[in-house]
$ cat protein.txt   # compact mmCIF, C-alpha atoms
# COMPACT_ATOMS: atom_id res chain seq x y z
CA MET A 531 -133.88 39.70 207.56
CA ARG A 532 -136.88 40.42 209.79
CA ALA A 533 -136.19 37.43 212.02
CA ASP A 534 -132.58 38.56 212.32
CA ALA A 535 -133.64 42.04 213.31
CA ALA A 536 -136.16 40.78 215.87
CA GLU A 537 -133.58 38.50 217.51
CA ARG A 538 -131.07 41.32 217.81
CA VAL A 539 -133.67 43.66 219.30
CA GLU A 540 -134.81 41.14 221.93
CA SER A 541 -131.29 40.86 223.25
CA GLY A 542 -130.62 44.60 223.25
CA GLY A 543 -134.01 46.04 224.01
CA LEU A 544 -136.12 48.45 222.00
CA VAL A 545 -135.37 51.37 224.29
CA LEU A 546 -131.64 50.91 223.91
CA LEU A 547 -132.05 50.61 220.15
CA ALA A 548 -134.08 53.82 219.92
CA LEU A 549 -131.65 55.62 222.22
CA SER A 550 -128.71 54.52 220.12
CA ALA A 551 -130.50 55.52 216.91
CA TRP A 552 -131.14 58.97 218.38
CA LEU A 553 -127.63 59.53 219.71
CA VAL A 554 -125.76 58.40 216.59
CA PRO A 555 -127.80 58.86 213.41
CA GLY A 556 -127.98 55.60 211.46
CA SER A 557 -126.64 53.44 214.28
CA GLY A 558 -130.04 51.81 214.82
CA HIS A 559 -130.08 50.54 211.25
CA LEU A 560 -126.47 49.40 211.57
CA TRP A 561 -127.46 47.51 214.74
CA LEU A 562 -130.26 45.78 212.84
CA GLY A 563 -127.83 44.76 210.12
CA ARG A 564 -129.07 47.26 207.52
CA ARG A 565 -125.62 48.59 206.82
CA VAL A 566 -126.24 50.57 203.64
CA LYS A 567 -129.23 52.40 205.10
CA GLY A 568 -127.38 53.05 208.33
CA LEU A 569 -124.33 54.44 206.58
CA ILE A 570 -126.43 56.66 204.32
CA PHE A 571 -128.26 58.11 207.35
CA LEU A 572 -125.02 58.55 209.26
CA VAL A 573 -123.27 60.39 206.44
CA ALA A 574 -126.26 62.42 205.19
CA LEU A 575 -127.54 63.63 208.56
CA THR A 576 -124.12 64.34 210.02
CA THR A 577 -123.13 66.24 206.88
CA MET A 578 -126.37 68.26 207.00
CA PHE A 579 -125.77 69.14 210.64
CA THR A 580 -122.12 70.11 210.17
CA THR A 581 -123.04 72.12 207.06
CA GLY A 582 -125.55 74.04 209.18
CA LEU A 583 -122.90 74.77 211.76
CA ALA A 584 -120.34 75.73 209.11
CA LEU A 585 -122.82 78.18 207.60
CA ASN A 586 -123.09 80.05 210.93
CA GLY A 587 -126.30 78.46 212.11
CA ARG A 588 -127.52 78.66 215.67
CA LEU A 589 -128.37 75.90 218.12
CA PHE A 590 -131.47 77.43 219.65
CA PRO A 591 -131.87 77.65 223.43
CA PHE A 592 -134.77 76.08 225.32
CA GLN A 593 -136.75 79.26 225.82
CA ALA A 594 -140.29 78.53 227.01
CA SER A 595 -141.39 82.15 226.47
CA GLU A 596 -140.70 81.79 222.72
CA PRO A 597 -142.63 78.73 221.46
CA LEU A 598 -141.02 78.66 218.01
CA VAL A 599 -137.52 78.98 219.46
CA PHE A 600 -138.37 76.19 221.89
CA LEU A 601 -139.55 73.93 219.06
CA ALA A 602 -136.41 74.70 217.06
CA ALA A 603 -134.35 73.74 220.13
CA VAL A 604 -136.20 70.42 220.35
CA ALA A 605 -135.50 69.79 216.65
CA ASP A 606 -131.81 70.62 217.17
CA LEU A 607 -131.64 68.28 220.16
CA ALA A 608 -133.13 65.48 218.07
CA MET A 609 -129.79 65.24 216.29
CA GLY A 610 -128.28 63.45 219.29
CA LEU A 611 -124.55 63.25 219.95
CA PRO A 612 -123.48 65.78 217.28
CA TYR A 613 -125.73 68.32 219.02
CA PHE A 614 -124.09 67.73 222.39
CA LEU A 615 -120.63 67.89 220.82
CA ALA A 616 -121.41 71.20 219.12
CA TRP A 617 -122.95 72.53 222.33
CA ALA A 618 -119.92 71.50 224.40
CA LEU A 619 -117.52 73.05 221.90
CA LYS A 620 -119.71 76.18 221.68
CA ILE A 621 -119.84 75.94 217.89
CA GLY A 622 -123.51 76.72 217.35
CA GLU A 623 -123.57 80.29 218.57
CA GLY A 624 -124.88 81.53 215.22
CA GLN A 625 -124.29 84.82 213.41
CA VAL A 626 -127.54 86.58 212.59
CA ALA A 627 -125.76 88.94 210.19
CA ALA A 628 -124.36 86.07 208.08
CA VAL A 629 -125.95 85.69 204.63
CA SER A 630 -126.36 81.97 205.15
CA TYR A 631 -127.87 82.21 208.67
CA GLU A 632 -131.45 81.26 207.76
CA TYR A 633 -130.35 78.44 205.47
CA ALA A 634 -127.99 77.18 208.14
CA ASN A 635 -130.82 76.99 210.65
CA ALA A 636 -132.92 75.09 208.12
CA PHE A 637 -130.08 72.59 207.75
CA LEU A 638 -129.71 72.19 211.54
CA ILE A 639 -133.42 71.91 212.31
CA VAL A 640 -134.27 69.59 209.41
CA ALA A 641 -131.32 67.31 210.19
CA GLY A 642 -132.76 66.81 213.68
CA LEU A 643 -136.30 66.27 212.40
CA LEU A 644 -135.07 63.74 209.84
CA ASN A 645 -133.22 61.92 212.60
CA MET A 646 -136.56 61.62 214.45
CA LEU A 647 -138.01 59.97 211.33
CA VAL A 648 -135.01 57.65 211.18
CA VAL A 649 -135.58 56.64 214.82
CA LEU A 650 -139.23 55.87 214.02
CA ASP A 651 -138.11 53.86 211.00
CA VAL A 652 -135.75 51.84 213.20
CA TYR A 653 -138.59 51.15 215.62
CA ASP A 654 -140.91 50.03 212.82
CA THR A 655 -138.20 47.80 211.42
CA ALA A 656 -137.42 46.31 214.82
CA VAL A 657 -141.02 45.41 215.63
CA GLY A 658 -141.51 43.89 212.17
CA ARG A 659 -143.78 46.54 210.63
CA LYS A 660 -141.36 47.00 207.73
CA MET B 1148 -120.87 79.31 200.29
CA THR B 1149 -123.33 82.16 199.84
CA SER B 1150 -125.27 81.06 196.75
CA HIS B 1151 -128.84 80.45 197.83
CA PHE B 1152 -129.46 78.29 194.78
CA LEU B 1153 -126.53 75.99 195.57
CA LEU B 1154 -127.58 75.78 199.20
CA MET B 1155 -131.10 74.88 198.06
CA LEU B 1156 -129.68 72.15 195.80
CA LEU B 1157 -127.62 70.76 198.67
CA PHE B 1158 -130.52 70.88 201.12
CA SER B 1159 -132.89 69.25 198.62
CA PHE B 1160 -130.37 66.53 197.85
CA PHE B 1161 -129.94 65.49 201.48
CA VAL B 1162 -133.64 65.61 202.31
CA ALA B 1163 -134.54 63.66 199.15
CA LEU B 1164 -131.84 61.10 199.91
CA VAL B 1165 -133.05 60.46 203.46
CA PHE B 1166 -136.72 60.36 202.45
CA ALA B 1167 -135.99 57.93 199.62
CA VAL B 1168 -134.04 55.58 201.88
CA ILE B 1169 -136.73 55.69 204.58
CA MET B 1170 -139.70 55.25 202.26
CA LYS B 1171 -138.41 52.66 199.79
CA ASP B 1172 -136.45 49.45 200.14
CA GLN B 1173 -135.36 48.61 196.60
CA PRO B 1174 -132.45 50.64 195.14
CA ARG B 1175 -134.30 51.34 191.88
CA GLU B 1176 -137.36 52.60 193.76
CA GLN B 1177 -135.16 54.69 196.02
CA VAL B 1178 -133.49 56.40 193.07
CA ARG B 1179 -136.84 57.06 191.39
CA PHE B 1180 -138.52 58.37 194.54
CA GLY B 1181 -135.46 60.41 195.53
CA ALA B 1182 -135.28 62.01 192.09
CA MET B 1183 -138.98 62.89 192.29
CA VAL B 1184 -138.62 64.50 195.71
CA PHE B 1185 -135.46 66.37 194.64
CA GLY B 1186 -137.13 67.59 191.44
CA GLY B 1187 -140.24 68.57 193.38
CA PHE B 1188 -138.18 70.67 195.77
CA ILE B 1189 -136.35 72.49 192.98
CA LEU B 1190 -139.43 73.01 190.82
CA SER B 1191 -141.60 74.29 193.66
CA ALA B 1192 -138.83 76.62 194.88
CA LEU B 1193 -138.39 78.08 191.38
CA VAL B 1194 -142.14 78.48 190.86
CA LEU B 1195 -142.61 80.11 194.28
CA GLY B 1196 -139.59 82.33 193.64
CA TRP B 1197 -141.04 83.61 190.38
CA LEU B 1198 -144.50 84.06 191.92
CA MET B 1199 -142.97 86.23 194.65
CA TYR B 1200 -140.82 88.18 192.18
CA PRO B 1201 -143.30 91.10 191.73
CA PHE B 1202 -143.60 91.73 195.46
CA PRO B 1203 -141.45 94.60 196.71
CA PHE B 1204 -140.64 92.96 200.08
$ encode --input "protein.txt" --output "structure tokens"
Amino acid sequence: MRADAAERVESGGLVLLALSAWLVPGSGHLWLGRRVKGLIFLVALTTMFTTGLALNGRLFPFQASEPLVFLAAVADLAMGLPYFLAWALKIGEGQVAAVSYEYANAFLIVAGLLNMLVVLDVYDTAVGRK
Amino acid sequence: MTSHFLLMLLFSFFVALVFAVIMKDQPREQVRFGAMVFGGFILSALVLGWLMYPFPF
């Protein structure tokens, strides 16, 4: 399994692998042939993100004057393609008055942070640390 | 969905699932670890909730 993964990474490049893993959650694992893991990440993280949006969560803006808002924006961005889709469709405007607003933001932010962990896991797997 | 408890269950489930799959490789270990993380989330949320109960704000 490790030899397989290493061969695939050499042909594609680690940067491309990490980029793909960031853009589409789980795709890095799918690329390395770890289908079950990849599918679980794809379904779980995408569902978390869409749940956050459905519960009236907000995709935070990159506001340097507000450090916590800025960090939340970075975490949102870590979700990859779903983030850009939601941003383009203007779905993540957020409704502060909604009961589920805070929970929704937790879903959105944590989905992005977990995707960062998944990218690191892909990297570790690709270089043979796992 | 406006039930905070159900939202907490859903959130805990997804986080436990992803952590278990990242941290462990064998299915049996994943289930065990995931159940522990899920249970830990629920238990700590309930304990913290009851500890905060007397506070007026």
$ atom_distance --input "protein.txt" --atom1 "atom CA of B:Gln1177" --atom2 "atom CA of B:Val1194"
25.3 Å
$ interface_residues --input "protein.txt" --of "chain B" --to "chain A" --cutoff "8 Å" --atoms "all atoms listed in the file" --output "ChimeraX atom specification"
/B:1148-1149,1151,1154,1158,1161-1162,1164-1165,1168-1169
$ write_last_selection --input "protein.txt" --atoms "C-alpha atoms" --output "CSV table (one decimal), in the coordinates of the input"
chain,number,residue,atom,x,y,z
B,1148,MET,CA,-120.9,79.3,200.3
B,1149,THR,CA,-123.3,82.2,199.8
B,1151,HIS,CA,-128.8,80.4,197.8
B,1154,LEU,CA,-127.6,75.8,199.2
B,1158,PHE,CA,-130.5,70.9,201.1
B,1161,PHE,CA,-129.9,65.5,201.5
B,1162,VAL,CA,-133.6,65.6,202.3
B,1164,LEU,CA,-131.8,61.1,199.9
B,1165,VAL,CA,-133.0,60.5,203.5
B,1168,VAL,CA,-134.0,55.6,201.9
B,1169,ILE,CA,-136.7,55.7,204.6
$ closest_residue --input "protein.txt" --among "A:Arg564, A:Phe600, A:Leu572, A:Gly610" --to "A:Ser550" --atoms "all atoms listed in the file"
A:Gly610
$ atom_distance --input "protein.txt" --atom1 "atom CA of B:Ile1189" --atom2 "atom CA of A:Ala605"
23.8 Å
$ closest_residue --input "protein.txt" --among "A:Pro591, A:Gly556, A:Gly622, A:Gly563" --to "A:Phe579" --atoms "all atoms listed in the file"
A:Gly622
$ residues_around --input "protein.txt" --residues "A:Val649" --least-positions-apart "3" --cutoff "7 Å" --atoms "all atoms listed in the file" --output "list in words"
Ala548, Ala551, Trp552, Asn645, Met646, Val652 and Tyr653 of chain A
$ write_last_selection --input "protein.txt" --atoms "C-alpha atoms" --output "PDB file, in the frame of the given file"
ATOM      1  CA  ALA A 548    -134.080  53.820 219.920  1.00  0.00           C
ATOM      2  CA  ALA A 551    -130.500  55.520 216.910  1.00  0.00           C
ATOM      3  CA  TRP A 552    -131.140  58.970 218.380  1.00  0.00           C
ATOM      4  CA  ASN A 645    -133.220  61.920 212.600  1.00  0.00           C
ATOM      5  CA  MET A 646    -136.560  61.620 214.450  1.00  0.00           C
ATOM      6  CA  VAL A 652    -135.750  51.840 213.200  1.00  0.00           C
ATOM      7  CA  TYR A 653    -138.590  51.150 215.620  1.00  0.00           C
TER       8      TYR A 653
END
$ atom_distance --input "protein.txt" --atom1 "atom CA of A:Ala603" --atom2 "atom CA of A:Leu589"
6.7 Å
$ decode --input "protein.txt" --residues "stretch 1163-1189 of chain B" --atoms "C-alpha atoms" --output "compact mmCIF listing (two decimals), in the first residue's frame"
# COMPACT_ATOMS: atom_id res chain seq x y z
CA ALA B 1163 -15.69 11.84 16.09
CA LEU B 1164 -16.02 10.12 12.71
CA VAL B 1165 -13.30 12.22 11.07
CA PHE B 1166 -10.95 11.97 14.06
CA ALA B 1167 -11.40 8.20 14.24
CA VAL B 1168 -10.65 7.74 10.55
CA ILE B 1169 -7.60 10.01 10.72
CA MET B 1170 -6.14 8.54 13.90
CA LYS B 1171 -6.75 4.82 13.42
CA ASP B 1172 -6.37 2.45 10.50
CA GLN B 1173 -8.20 -0.69 11.57
CA PRO B 1174 -12.04 -0.60 11.43
CA ARG B 1175 -12.41 -2.03 14.95
CA GLU B 1176 -10.02 0.57 16.38
CA GLN B 1177 -11.80 3.31 14.46
CA VAL B 1178 -15.18 2.33 15.92
CA ARG B 1179 -13.75 2.15 19.44
CA PHE B 1180 -11.89 5.45 19.20
CA GLY B 1181 -14.82 7.18 17.47
CA ALA B 1182 -17.23 5.99 20.15
CA MET B 1183 -14.88 7.29 22.86
CA VAL B 1184 -14.57 10.71 21.24
CA PHE B 1185 -18.33 10.90 20.64
CA GLY B 1186 -19.08 9.87 24.22
CA GLY B 1187 -16.49 12.32 25.52
CA PHE B 1188 -18.12 15.16 23.63
CA ILE B 1189 -21.60 14.36 24.92
